[in-house]
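**Student:** First the structure, which I've put down as structure tokens, then a few questions once you've had a look.
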Amino acid sequence: MKFSSRIIVFTISCVVGAVLLVLLGGALTFRQLAFNQQQHQLRSVVEVIDGQLSVQPETPEFAQWLPSWLRAHNIQVLEVSNRGGVIYTFRELNYTGSSKNLIPYRYPLAAHPDFFIQIWVERPFKQLTYEPEAMLGIGGGVLIVALGLIAVFRWMKSIMHGAELLQTRGNQILAGRLRDVQQGSPKEWPNAASKAIEQLITQLIEARQERSRFDCIIRNNAFVDELTQLSNRTHFLNQLEAEIGDADAHTGAVLLVYLRGMDDVNYQYARNEGDAILQQSSEALKQYTRRNIDVNLARYSGDAFALLLPLSTLDEAEDTAAGLLKLLERIPLPEVAEADDFFYIGIAGYEYGDNAQLVIEQAEDALRVAQMQRHNGWYAIPRELSSSQTGKGSVRWRTLLQHVLSNDALHYYQQEVFDEDGRVCYKELLARITDYQGEVINAGVFLPWAEKSGLQADFDKHALKFAMQQVKYSRQPISINLNIATVIKQSVMRDLLQWVFSVPLKECQKLVLEFPETQLSQLNDTEMLRLKALNKKGIKLAVERAGQRVVSTQYISELKLEYLKLHTSLVRDIQVRQVNQLAVSSLVASCAGRVQVMAVGVERNEEWRVLQRLGVHHAQGFLFSKPEPI
């Protein structure tokens with residue numbers, strides 16, 4: 001019930017109650033007055049009889065005129081008695097009513113203590129008739145009260161409508177839709193409270209934007225090189241250790257790009273010319289990473305860059321080195337620099353379970369070998385990688401993935417996510433496929449190839465359809481990782497909204513869609529509105545791989561998110577990495593009161609204890625549960 005309706009109902013109840021009490025009190029008072037008047041008349045009759053007995057005690061002559069006088073006072077029965085009995089009786093013979101309805105009165109005689117009189121009369125209102133004219137006063141009063149109430153209620157409703165508008169805006173603020181209600185209606189009341197809320201909302205939005213910028217500054221100082229705006233050595237090593245420790249990654253390669261002549265350039269032209277070459281080199285390397293978003297690029301040292309190529313073979317890494325070398329050789333160099341003896345690349349492969357420091361040392365050894373050639377080039381440390389999945393080739397991958405889709409051979413595992421009290425928050429679905437040799441392949445391996453083959457959307461639609469079926473039978477919410485480009489397509493949005501309208505709200509609220517942070521941070525306003533539409537219908541949204549790249553966290557203010565999942569590179573060995581702790585603290589502060597932060601890849605109690613101390617209260621990893629087939 002609206003606030004104004006509650007006020008109106010309360011006021012009506014009070015006024016009607018007051019009117020009824022006045023009427024009831026008046027009726028009771030009038031009744032008592034009537035009885036008092038009747039008793040006063042009867043006392044006068046008794047006084048007359050008592051006086052007549054004093055004048056003529058033996059032979060009272062008033063018996064001749066008394067009946068007429070008693071009838072005039074509407075007395076039906078009268079008895080004069082003493083100790084010897086009744087000495088005089090009067091009874092109205094024309095009375096047609098029941099004697100049971102008569103009211104008895106008993107009066108002693110003051111002048112004759114041995115005598116008393118009993119009188120029976122009708123009730124005072126027995127003969128009263130309620131004519132319409134007699135009710136005009138009461139009816140007019142009730143009408144005036146009703147008209148007054150209507151006028152007051154209309155005035156009150158117009159006043160309270162502004163309070164209702166203010167309350168509606170308050171509910172939207174509590175629901176997290178700050179930007180939608182930043183400006184209130186001019187009809188809101190009280191007006192001062194409305195303007196104060198507008199001012200506070202503006203300040204809060206600005207504070208959140210400032211918090212997002214501050215968070216970027218913290219992570220930039222921790223993980224980003226100031227000159228090239230690339231990841232620094234610390235962030236690169238975090239990413240490398242996370243990839244090596246990820247069982248889904250299987251294999252990959254590290255490339256160290258060294259600019260050998262930078263010392264001569266800095267000595268001859270000061271640091272400005274050298275910085276220009278470093279910036280041009282970083283831009284050339286970025287051109288490659290833009291075509292392949294899975295590659296992690298960093299400034300490894302003053303005159304060296306590093307690239308991390310997940311799911312790559314050494315042959316593919318050498319092809320990448322050749323392409324990079326062509327881009328770098330296009331950079332104009334000063335005269336002091338030897339263009340043919342300036343750029344060198346060292347390549348080292350890795351697989352799951354390797355030591356990250358040993359991989360870096362192998363890449364540095366390969367870089368030294370490449371420099372011995374005295375001509376721009378690269379060298380790869382020879383190594384046989386044990387994974388049979390990474391080097392299938394694009395054609396073989398496409399054939400396998402099309403076979404999986406056509407035969408509906410995609411199957412799923414589930415991994416539980418827990419809070420700090422050990423309760424299951426939801427279950428995440430993990431896709432798996434099986435190759436021709438019967439080996440199970442994780443999503444981290446085949447999905448990048450699905451994207452390169454143009455089959456990413458088909459796999460996402462299959463996963464989304466499966467998740468919508470699972471929420472019907474699951475007690476806990478179900479989450480699924482998706483590419484955001486698939487979900488914001490009109491056809492997929494239409495299917496999702498049709499599903500939302502066809503199932504109960506509780507079932508819809510059990511579906512959680514997870515998107516990578518890098519994709520969410522690049523959405524435009526139209527794409528944001530589509531995600532907000534899903535959110536308003538009850539579908540929950542989550543962010544995964546948060547912290548993998550240094551991006552703005554403004555999307556946290558734009559969307560109503562349920563969870564923010566930290567990337568494994570921030571979680572692994574966080575108890576000994578102060579920089580990672582600083583980055584996690586910054587992200588937790590950005591999400592305070594809005595999003596629940598979750599750690600992914602927790603494998604040791606030491607990591608979990610530090611994460612809890614930093615404000616992370618949800619976790620997923622082998623420390624708590626392992627993926628199980630559905």
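By convention here, the chains of the structure tokens are called A, B, ... in the order presented, each chain's residues are numbered starting at 1, and ligands are numbered starting at 1 in the order presented.
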Determine, for each residue of stretch 323-380 of chain A having at least one atom at most 10 Å from an atom of stretch 304-312 of chain A, the closest pair of atoms and their separation in Å to one decimal, counting only C-alpha atoms; order by chain and ascending number, as a tab-separated table.
**Tutor:**
```
residue	atom	partner	partner_atom	distance
A:Phe343	CA	A:Ala304	CA	9.7
A:Tyr344	CA	A:Ala304	CA	9.5
A:Ile345	CA	A:Ala306	CA	9.3
A:Gly346	CA	A:Ala306	CA	9.5
A:Ile347	CA	A:Leu307	CA	9.6
A:Gly349	CA	A:Ser312	CA	8.3
A:Tyr350	CA	A:Pro310	CA	9.2
A:Glu351	CA	A:Leu311	CA	9.2
A:Ile360	CA	A:Ala306	CA	9.7
A:Ala363	CA	A:Ala306	CA	9.7
```
**Student:** Restricting it to all heavy atoms, dump the selection as an mmCIF file, in the first residue's frame.
**Tutor:**
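Saved to out_28.cif:
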```cif
data_model
loop_
_atom_site.group_PDB
_atom_site.id
_atom_site.type_symbol
_atom_site.label_atom_id
_atom_site.label_comp_id
_atom_site.auth_asym_id
_atom_site.auth_seq_id
_atom_site.Cartn_x
_atom_site.Cartn_y
_atom_site.Cartn_z
ATOM 1 N N PHE A 343 67.859 -5.953 -33.372
ATOM 2 C CA PHE A 343 66.711 -6.667 -32.804
ATOM 3 C C PHE A 343 66.997 -8.167 -32.735
ATOM 4 O O PHE A 343 67.329 -8.785 -33.763
ATOM 5 C CB PHE A 343 65.444 -6.433 -33.642
ATOM 6 C CG PHE A 343 65.073 -4.981 -33.778
ATOM 7 C CD1 PHE A 343 65.315 -4.297 -34.957
ATOM 8 C CD2 PHE A 343 64.490 -4.300 -32.717
ATOM 9 C CE1 PHE A 343 64.972 -2.972 -35.093
ATOM 10 C CE2 PHE A 343 64.144 -2.970 -32.847
ATOM 11 C CZ PHE A 343 64.386 -2.294 -34.039
ATOM 12 N N TYR A 344 66.841 -8.729 -31.531
ATOM 13 C CA TYR A 344 67.057 -10.168 -31.346
ATOM 14 C C TYR A 344 65.927 -10.740 -30.469
ATOM 15 O O TYR A 344 65.412 -10.067 -29.572
ATOM 16 C CB TYR A 344 68.410 -10.437 -30.692
ATOM 17 C CG TYR A 344 69.565 -10.058 -31.578
ATOM 18 C CD1 TYR A 344 70.168 -8.804 -31.464
ATOM 19 C CD2 TYR A 344 70.044 -10.955 -32.531
ATOM 20 C CE1 TYR A 344 71.218 -8.444 -32.281
ATOM 21 C CE2 TYR A 344 71.104 -10.596 -33.360
ATOM 22 C CZ TYR A 344 71.677 -9.344 -33.240
ATOM 23 O OH TYR A 344 72.724 -9.000 -34.069
ATOM 24 N N ILE A 345 65.581 -11.982 -30.753
ATOM 25 C CA ILE A 345 64.462 -12.631 -30.063
ATOM 26 C C ILE A 345 64.905 -14.000 -29.571
ATOM 27 O O ILE A 345 65.456 -14.793 -30.351
ATOM 28 C CB ILE A 345 63.231 -12.772 -30.980
ATOM 29 C CG1 ILE A 345 62.774 -11.395 -31.498
ATOM 30 C CG2 ILE A 345 62.080 -13.462 -30.239
ATOM 31 C CD1 ILE A 345 61.634 -11.459 -32.486
ATOM 32 N N GLY A 346 64.658 -14.250 -28.267
ATOM 33 C CA GLY A 346 64.911 -15.575 -27.705
ATOM 34 C C GLY A 346 63.584 -16.254 -27.388
ATOM 35 O O GLY A 346 62.666 -15.635 -26.845
ATOM 36 N N ILE A 347 63.496 -17.557 -27.715
ATOM 37 C CA ILE A 347 62.229 -18.296 -27.576
ATOM 38 C C ILE A 347 62.452 -19.507 -26.681
ATOM 39 O O ILE A 347 63.427 -20.257 -26.857
ATOM 40 C CB ILE A 347 61.706 -18.758 -28.949
ATOM 41 C CG1 ILE A 347 61.582 -17.556 -29.902
ATOM 42 C CG2 ILE A 347 60.369 -19.472 -28.806
ATOM 43 C CD1 ILE A 347 61.263 -17.959 -31.332
ATOM 44 N N GLY A 349 59.961 -22.681 -24.875
ATOM 45 C CA GLY A 349 58.640 -23.282 -24.696
ATOM 46 C C GLY A 349 58.429 -23.734 -23.260
ATOM 47 O O GLY A 349 59.378 -23.927 -22.497
ATOM 48 N N TYR A 350 57.160 -23.888 -22.873
ATOM 49 C CA TYR A 350 56.837 -24.381 -21.530
ATOM 50 C C TYR A 350 55.613 -25.279 -21.616
ATOM 51 O O TYR A 350 54.878 -25.282 -22.610
ATOM 52 C CB TYR A 350 56.575 -23.222 -20.570
ATOM 53 C CG TYR A 350 55.326 -22.432 -20.867
ATOM 54 C CD1 TYR A 350 54.073 -22.859 -20.417
ATOM 55 C CD2 TYR A 350 55.389 -21.245 -21.615
ATOM 56 C CE1 TYR A 350 52.929 -22.143 -20.698
ATOM 57 C CE2 TYR A 350 54.249 -20.532 -21.895
ATOM 58 C CZ TYR A 350 53.019 -20.975 -21.441
ATOM 59 O OH TYR A 350 51.877 -20.277 -21.724
ATOM 60 N N GLU A 351 55.410 -26.039 -20.563
ATOM 61 C CA GLU A 351 54.219 -26.861 -20.440
ATOM 62 C C GLU A 351 53.774 -26.860 -18.983
ATOM 63 O O GLU A 351 54.486 -26.355 -18.104
ATOM 64 C CB GLU A 351 54.468 -28.281 -20.933
ATOM 65 C CG GLU A 351 55.566 -29.025 -20.181
ATOM 66 C CD GLU A 351 55.860 -30.378 -20.800
ATOM 67 O OE1 GLU A 351 55.344 -30.651 -21.900
ATOM 68 O OE2 GLU A 351 56.609 -31.154 -20.186
ATOM 69 N N ILE A 360 62.170 -18.611 -18.021
ATOM 70 C CA ILE A 360 62.766 -17.310 -18.330
ATOM 71 C C ILE A 360 64.264 -17.459 -18.604
ATOM 72 O O ILE A 360 64.816 -16.838 -19.547
ATOM 73 C CB ILE A 360 62.514 -16.329 -17.164
ATOM 74 C CG1 ILE A 360 61.030 -15.974 -17.070
ATOM 75 C CG2 ILE A 360 63.347 -15.075 -17.321
ATOM 76 C CD1 ILE A 360 60.504 -15.208 -18.244
ATOM 77 N N ALA A 363 64.737 -18.741 -22.027
ATOM 78 C CA ALA A 363 64.516 -17.697 -23.033
ATOM 79 C C ALA A 363 65.714 -16.750 -23.096
ATOM 80 O O ALA A 363 66.110 -16.302 -24.188
ATOM 81 C CB ALA A 363 63.237 -16.929 -22.694
#
```
**Student:** A:Asp50: which residues within 10 Å, counting only C-alpha atoms, same-chain residues fewer than 6 positions away excluded, as a count of residues only?
**Tutor:** 10
**Student:** Using only C-alpha atoms, which of A:Arg260, A:Met160, A:Tyr267, A:Gly422 sits nearest A:Ser5?
**Tutor:** A:Met160
**Student:** In terms of the shortest atom-to-atom distance over only C-alpha atoms, which of A:Gly538, A:Pro516, A:Pro124, A:Gly141 is closest to A:Tyr555?
**Tutor:**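 When distances to A:Tyr555 are compared using only C-alpha atoms, the smallest one comes from A:Pro516.
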**Student:** Please report, as a short mmCIF file (atom, residue, chain, number, x, y, z; two decimals) with all heavy atoms, in the first residue's frame, each residue of stretch 78-298 of chain A to which DSSP assigns strand (DSSP E or B) when run on this structure's backbone.
**Tutor:**
```cif
data_model
loop_
_atom_site.label_atom_id
_atom_site.label_comp_id
_atom_site.auth_asym_id
_atom_site.auth_seq_id
_atom_site.Cartn_x
_atom_site.Cartn_y
_atom_site.Cartn_z
N LEU A 78 -49.47 2.01 39.89
CA LEU A 78 -48.98 2.68 41.09
C LEU A 78 -49.59 1.97 42.29
O LEU A 78 -50.79 1.69 42.32
CB LEU A 78 -49.35 4.16 41.10
CG LEU A 78 -48.86 5.00 42.30
CD1 LEU A 78 -48.43 6.37 41.85
CD2 LEU A 78 -49.96 5.12 43.37
N GLU A 79 -48.77 1.72 43.26
CA GLU A 79 -49.21 1.07 44.49
C GLU A 79 -48.66 1.84 45.68
O GLU A 79 -47.45 2.13 45.73
CB GLU A 79 -48.73 -0.38 44.57
CG GLU A 79 -49.39 -1.30 43.55
CD GLU A 79 -48.88 -2.73 43.69
OE1 GLU A 79 -47.93 -2.94 44.47
OE2 GLU A 79 -49.41 -3.62 42.99
N VAL A 80 -49.57 2.16 46.64
CA VAL A 80 -49.18 2.78 47.90
C VAL A 80 -49.30 1.71 48.98
O VAL A 80 -50.38 1.14 49.17
CB VAL A 80 -50.07 4.00 48.23
CG1 VAL A 80 -49.63 4.63 49.55
CG2 VAL A 80 -50.02 5.01 47.10
N SER A 81 -48.21 1.44 49.67
CA SER A 81 -48.18 0.33 50.64
C SER A 81 -47.59 0.79 51.95
O SER A 81 -46.86 1.79 52.04
CB SER A 81 -47.34 -0.83 50.08
OG SER A 81 -47.80 -1.22 48.80
N ASN A 82 -47.91 0.03 52.99
CA ASN A 82 -47.26 0.18 54.29
C ASN A 82 -46.96 -1.21 54.82
O ASN A 82 -47.01 -2.19 54.07
CB ASN A 82 -48.12 1.01 55.23
CG ASN A 82 -49.48 0.36 55.46
OD1 ASN A 82 -49.71 -0.79 55.08
ND2 ASN A 82 -50.38 1.08 56.11
N GLY A 85 -49.71 -3.83 54.16
CA GLY A 85 -50.00 -4.25 52.79
C GLY A 85 -50.32 -3.07 51.90
O GLY A 85 -50.08 -1.90 52.25
N VAL A 86 -50.87 -3.34 50.75
CA VAL A 86 -51.19 -2.32 49.76
C VAL A 86 -52.49 -1.64 50.20
O VAL A 86 -53.52 -2.31 50.41
CB VAL A 86 -51.36 -2.95 48.36
CG1 VAL A 86 -51.76 -1.88 47.37
CG2 VAL A 86 -50.07 -3.63 47.95
N ILE A 87 -52.42 -0.33 50.31
CA ILE A 87 -53.62 0.41 50.71
C ILE A 87 -54.27 1.13 49.54
O ILE A 87 -55.40 1.61 49.64
CB ILE A 87 -53.29 1.41 51.83
CG1 ILE A 87 -52.30 2.46 51.33
CG2 ILE A 87 -52.76 0.70 53.06
CD1 ILE A 87 -52.04 3.58 52.32
N TYR A 88 -53.51 1.26 48.45
CA TYR A 88 -54.10 1.90 47.28
C TYR A 88 -53.38 1.38 46.03
O TYR A 88 -52.16 1.25 46.02
CB TYR A 88 -53.98 3.43 47.36
CG TYR A 88 -54.52 4.12 46.14
CD1 TYR A 88 -55.89 4.31 45.97
CD2 TYR A 88 -53.66 4.56 45.14
CE1 TYR A 88 -56.39 4.94 44.84
CE2 TYR A 88 -54.16 5.19 44.02
CZ TYR A 88 -55.53 5.38 43.86
OH TYR A 88 -55.99 6.00 42.72
N THR A 89 -54.17 1.07 45.03
CA THR A 89 -53.59 0.57 43.76
C THR A 89 -54.26 1.28 42.60
O THR A 89 -55.49 1.46 42.59
CB THR A 89 -53.83 -0.94 43.61
OG1 THR A 89 -53.22 -1.63 44.68
CG2 THR A 89 -53.26 -1.45 42.30
N PHE A 90 -53.38 1.69 41.64
CA PHE A 90 -53.86 2.24 40.37
C PHE A 90 -53.25 1.41 39.24
O PHE A 90 -52.06 1.14 39.24
CB PHE A 90 -53.46 3.71 40.21
CG PHE A 90 -53.66 4.22 38.82
CD1 PHE A 90 -54.92 4.61 38.38
CD2 PHE A 90 -52.59 4.31 37.91
CE1 PHE A 90 -55.10 5.08 37.08
CE2 PHE A 90 -52.78 4.78 36.63
CZ PHE A 90 -54.04 5.16 36.21
N ARG A 91 -54.08 1.04 38.27
CA ARG A 91 -53.61 0.28 37.09
C ARG A 91 -54.35 0.82 35.86
O ARG A 91 -55.57 0.91 35.87
CB ARG A 91 -53.88 -1.20 37.26
CG ARG A 91 -53.28 -2.07 36.16
CD ARG A 91 -53.56 -3.54 36.42
NE ARG A 91 -52.93 -3.96 37.66
CZ ARG A 91 -51.67 -4.37 37.77
NH1 ARG A 91 -50.89 -4.38 36.70
NH2 ARG A 91 -51.19 -4.74 38.93
N ILE A 103 -40.75 -0.20 33.55
CA ILE A 103 -39.60 0.03 34.44
C ILE A 103 -40.14 0.32 35.84
O ILE A 103 -40.97 1.22 36.02
CB ILE A 103 -38.76 1.22 33.95
CG1 ILE A 103 -38.28 0.97 32.53
CG2 ILE A 103 -37.58 1.47 34.89
CD1 ILE A 103 -37.55 2.14 31.93
N PRO A 104 -39.71 -0.43 36.87
CA PRO A 104 -40.21 -0.20 38.23
C PRO A 104 -39.36 0.83 38.97
O PRO A 104 -38.15 0.87 38.82
CB PRO A 104 -40.11 -1.57 38.87
CG PRO A 104 -38.93 -2.20 38.18
CD PRO A 104 -38.92 -1.65 36.79
N TYR A 105 -40.04 1.65 39.77
CA TYR A 105 -39.36 2.59 40.66
C TYR A 105 -39.98 2.43 42.05
O TYR A 105 -41.19 2.19 42.20
CB TYR A 105 -39.53 4.04 40.20
CG TYR A 105 -38.80 4.36 38.91
CD1 TYR A 105 -39.45 4.31 37.68
CD2 TYR A 105 -37.46 4.73 38.93
CE1 TYR A 105 -38.80 4.63 36.51
CE2 TYR A 105 -36.80 5.04 37.77
CZ TYR A 105 -37.46 4.98 36.56
OH TYR A 105 -36.80 5.28 35.41
N ARG A 106 -39.18 2.62 43.11
CA ARG A 106 -39.65 2.50 44.49
C ARG A 106 -39.17 3.74 45.26
O ARG A 106 -37.99 4.03 45.27
CB ARG A 106 -39.10 1.22 45.13
CG ARG A 106 -39.50 1.01 46.59
CD ARG A 106 -38.78 -0.21 47.12
NE ARG A 106 -39.03 -0.39 48.54
CZ ARG A 106 -39.98 -1.17 49.05
NH1 ARG A 106 -40.75 -1.86 48.23
NH2 ARG A 106 -40.15 -1.28 50.36
N TYR A 107 -40.15 4.43 45.87
CA TYR A 107 -39.83 5.65 46.58
C TYR A 107 -40.40 5.59 47.99
O TYR A 107 -41.61 5.32 48.18
CB TYR A 107 -40.40 6.88 45.87
CG TYR A 107 -39.82 7.12 44.50
CD1 TYR A 107 -40.51 6.72 43.36
CD2 TYR A 107 -38.61 7.76 44.35
CE1 TYR A 107 -40.00 6.94 42.11
CE2 TYR A 107 -38.09 8.00 43.09
CZ TYR A 107 -38.77 7.58 41.97
OH TYR A 107 -38.26 7.80 40.73
N PRO A 108 -39.64 5.82 49.04
CA PRO A 108 -40.20 5.97 50.40
C PRO A 108 -40.81 7.36 50.54
O PRO A 108 -40.38 8.31 49.88
CB PRO A 108 -38.99 5.78 51.29
CG PRO A 108 -37.84 6.21 50.46
CD PRO A 108 -38.18 5.89 49.04
N PHE A 116 -44.52 3.52 51.46
CA PHE A 116 -43.66 3.64 50.27
C PHE A 116 -44.53 3.45 49.03
O PHE A 116 -45.61 2.85 49.10
CB PHE A 116 -42.50 2.64 50.29
CG PHE A 116 -42.94 1.20 50.30
CD1 PHE A 116 -43.18 0.50 49.12
CD2 PHE A 116 -43.14 0.54 51.52
CE1 PHE A 116 -43.58 -0.81 49.16
CE2 PHE A 116 -43.53 -0.77 51.54
CZ PHE A 116 -43.75 -1.47 50.37
N ILE A 117 -44.05 3.96 47.96
CA ILE A 117 -44.80 3.92 46.69
C ILE A 117 -43.97 3.17 45.65
O ILE A 117 -42.76 3.42 45.50
CB ILE A 117 -45.11 5.34 46.19
CG1 ILE A 117 -46.06 6.04 47.15
CG2 ILE A 117 -45.73 5.30 44.80
CD1 ILE A 117 -46.37 7.47 46.77
N GLN A 118 -44.60 2.28 44.89
CA GLN A 118 -44.00 1.59 43.74
C GLN A 118 -44.72 2.04 42.47
O GLN A 118 -45.96 2.01 42.42
CB GLN A 118 -44.10 0.07 43.89
CG GLN A 118 -43.09 -0.49 44.88
CD GLN A 118 -43.12 -2.00 44.91
OE1 GLN A 118 -44.18 -2.60 45.15
NE2 GLN A 118 -41.97 -2.60 44.68
N ILE A 119 -43.91 2.43 41.50
CA ILE A 119 -44.45 2.96 40.24
C ILE A 119 -43.86 2.17 39.08
O ILE A 119 -42.65 1.90 39.05
CB ILE A 119 -44.14 4.46 40.08
CG1 ILE A 119 -44.72 5.24 41.26
CG2 ILE A 119 -44.69 5.00 38.78
CD1 ILE A 119 -44.33 6.70 41.26
N TRP A 120 -44.72 1.81 38.10
CA TRP A 120 -44.26 1.16 36.87
C TRP A 120 -44.61 2.06 35.68
O TRP A 120 -45.80 2.43 35.51
CB TRP A 120 -44.93 -0.20 36.69
CG TRP A 120 -44.39 -1.27 37.58
CD1 TRP A 120 -43.45 -2.16 37.29
CD2 TRP A 120 -44.80 -1.56 38.92
NE1 TRP A 120 -43.19 -3.01 38.33
CE2 TRP A 120 -44.02 -2.66 39.37
CE3 TRP A 120 -45.75 -0.99 39.81
CZ2 TRP A 120 -44.16 -3.21 40.65
CZ3 TRP A 120 -45.87 -1.54 41.07
CH2 TRP A 120 -45.08 -2.62 41.49
N VAL A 121 -43.62 2.44 34.93
CA VAL A 121 -43.83 3.32 33.77
C VAL A 121 -43.09 2.75 32.54
O VAL A 121 -42.23 1.88 32.67
CB VAL A 121 -43.31 4.75 34.06
CG1 VAL A 121 -44.13 5.41 35.16
CG2 VAL A 121 -41.83 4.73 34.42
N VAL A 224 52.17 -1.60 -14.55
CA VAL A 224 52.29 -0.99 -15.88
C VAL A 224 53.56 -0.17 -15.96
O VAL A 224 53.91 0.57 -15.03
CB VAL A 224 51.05 -0.12 -16.19
CG1 VAL A 224 51.22 0.59 -17.53
CG2 VAL A 224 49.79 -0.97 -16.20
N SER A 231 52.52 -3.89 -19.73
CA SER A 231 52.73 -4.55 -18.44
C SER A 231 54.21 -4.55 -18.08
O SER A 231 55.08 -4.61 -18.97
CB SER A 231 52.22 -6.00 -18.52
OG SER A 231 50.83 -6.03 -18.79
N THR A 251 50.46 -26.11 -23.05
CA THR A 251 51.78 -25.63 -23.48
C THR A 251 51.68 -24.19 -23.93
O THR A 251 50.60 -23.63 -24.10
CB THR A 251 52.32 -26.47 -24.66
OG1 THR A 251 51.46 -26.30 -25.78
CG2 THR A 251 52.39 -27.94 -24.29
N GLY A 252 52.86 -23.58 -24.12
CA GLY A 252 52.95 -22.22 -24.61
C GLY A 252 54.39 -21.85 -24.84
O GLY A 252 55.29 -22.71 -24.78
N ALA A 253 54.64 -20.56 -25.11
CA ALA A 253 56.00 -20.12 -25.40
C ALA A 253 56.21 -18.72 -24.86
O ALA A 253 55.26 -17.93 -24.75
CB ALA A 253 56.27 -20.15 -26.90
N VAL A 254 57.46 -18.42 -24.50
CA VAL A 254 57.87 -17.10 -24.05
C VAL A 254 58.87 -16.54 -25.05
O VAL A 254 59.82 -17.23 -25.44
CB VAL A 254 58.51 -17.16 -22.65
CG1 VAL A 254 59.11 -15.81 -22.26
CG2 VAL A 254 57.48 -17.59 -21.62
N LEU A 255 58.66 -15.30 -25.48
CA LEU A 255 59.56 -14.61 -26.41
C LEU A 255 60.16 -13.40 -25.71
O LEU A 255 59.42 -12.57 -25.17
CB LEU A 255 58.83 -14.16 -27.67
CG LEU A 255 58.61 -15.19 -28.79
CD1 LEU A 255 57.64 -16.27 -28.36
CD2 LEU A 255 58.11 -14.49 -30.05
N LEU A 256 61.48 -13.31 -25.69
CA LEU A 256 62.17 -12.13 -25.18
C LEU A 256 62.72 -11.36 -26.37
O LEU A 256 63.52 -11.88 -27.16
CB LEU A 256 63.30 -12.52 -24.24
CG LEU A 256 62.90 -13.10 -22.87
CD1 LEU A 256 64.14 -13.38 -22.04
CD2 LEU A 256 61.97 -12.16 -22.13
N VAL A 257 62.29 -10.10 -26.51
CA VAL A 257 62.72 -9.24 -27.62
C VAL A 257 63.71 -8.23 -27.05
O VAL A 257 63.35 -7.42 -26.19
CB VAL A 257 61.52 -8.53 -28.26
CG1 VAL A 257 61.98 -7.65 -29.42
CG2 VAL A 257 60.48 -9.54 -28.74
N TYR A 258 64.94 -8.28 -27.54
CA TYR A 258 66.01 -7.45 -27.00
C TYR A 258 66.47 -6.44 -28.05
O TYR A 258 66.71 -6.80 -29.22
CB TYR A 258 67.18 -8.33 -26.58
CG TYR A 258 68.39 -7.57 -26.08
CD1 TYR A 258 68.31 -6.72 -24.99
CD2 TYR A 258 69.64 -7.72 -26.71
CE1 TYR A 258 69.41 -6.03 -24.53
CE2 TYR A 258 70.75 -7.05 -26.25
CZ TYR A 258 70.63 -6.20 -25.16
OH TYR A 258 71.75 -5.51 -24.71
N LEU A 259 66.56 -5.17 -27.64
CA LEU A 259 67.06 -4.11 -28.52
C LEU A 259 68.52 -3.88 -28.16
O LEU A 259 68.85 -3.14 -27.22
CB LEU A 259 66.24 -2.83 -28.33
CG LEU A 259 64.88 -2.74 -29.05
CD1 LEU A 259 63.94 -3.86 -28.62
CD2 LEU A 259 64.22 -1.39 -28.81
N ASN A 296 50.16 -11.95 -24.12
CA ASN A 296 50.48 -10.96 -23.10
C ASN A 296 51.81 -10.31 -23.42
O ASN A 296 52.83 -10.99 -23.57
CB ASN A 296 50.55 -11.63 -21.72
CG ASN A 296 49.20 -12.14 -21.26
OD1 ASN A 296 48.21 -11.44 -21.35
ND2 ASN A 296 49.16 -13.38 -20.79
N LEU A 297 51.78 -9.00 -23.54
CA LEU A 297 52.96 -8.23 -23.91
C LEU A 297 53.40 -7.38 -22.73
O LEU A 297 52.57 -6.76 -22.06
CB LEU A 297 52.64 -7.34 -25.11
CG LEU A 297 53.72 -6.33 -25.55
CD1 LEU A 297 55.00 -7.04 -25.99
CD2 LEU A 297 53.18 -5.44 -26.67
N ALA A 298 54.73 -7.34 -22.46
CA ALA A 298 55.23 -6.58 -21.32
C ALA A 298 56.61 -6.01 -21.65
O ALA A 298 57.32 -6.50 -22.53
CB ALA A 298 55.32 -7.48 -20.08
#
```
**Student:** Looking at A:Asp419, A:Ala321, A:Gln362, A:Asp294, which one is nearest to A:Arg549, with distances taken over only C-alpha atoms?
**Tutor:**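 Closest residue, counting only C-alpha atoms: A:Asp294.
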**Student:** Which of these, A:Tyr563, A:Tyr352, A:Tyr473, A:Phe501, has the shortest distance to A:Glu517 once you count only C-alpha atoms?
**Tutor:**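 Residue with the minimum atom-to-atom distance to A:Glu517: A:Tyr563.
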**Student:** At a cut-off of 9 Å, using only C-alpha atoms, what residues contact A:Val584? Leave out same-chain residues fewer than 4 positions from it and give the result as a list in words.
**Tutor:**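 The residues that qualify are Gly547, Leu566, Leu570, Val571, Val579, Asn580, Val588, Ala589, Leu611, Leu614, Gly615 and Val616 of chain A.
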**Student:** Any idea what's packed within 12 Å of stretch 184-187 of chain A, counting only C-alpha atoms, ignoring anything in its chain fewer than 6 positions away? Could you give it as a ChimeraX atom specification?
**Tutor:** /A:158-170,172-173,178,193-199,201-202
**Student:** For each of A:Ala533, A:Leu523, A:Leu21, A:Leu482, take the minimum atom-to-atom distance to A:Leu496, counting only C-alpha atoms, then give the residue where this is smallest.
**Tutor:** A:Ala533
**Student:** Fewer than 3 positions away in the same chain doesn't count, so skip those; otherwise give me all residues within 8 Å of A:Ser569, counting only C-alpha atoms, as a list in words.
**Tutor:** Asn238, Gln239, Glu241, Ala242, Gln548 and Arg572 of chain A
**Student:** Could you tell me how far atom CA of A:Lys565 lies from atom CA of A:Ala599, in Å and to one decimal?
**Tutor:**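 That distance, rounded to one decimal, is 5.7 Å.
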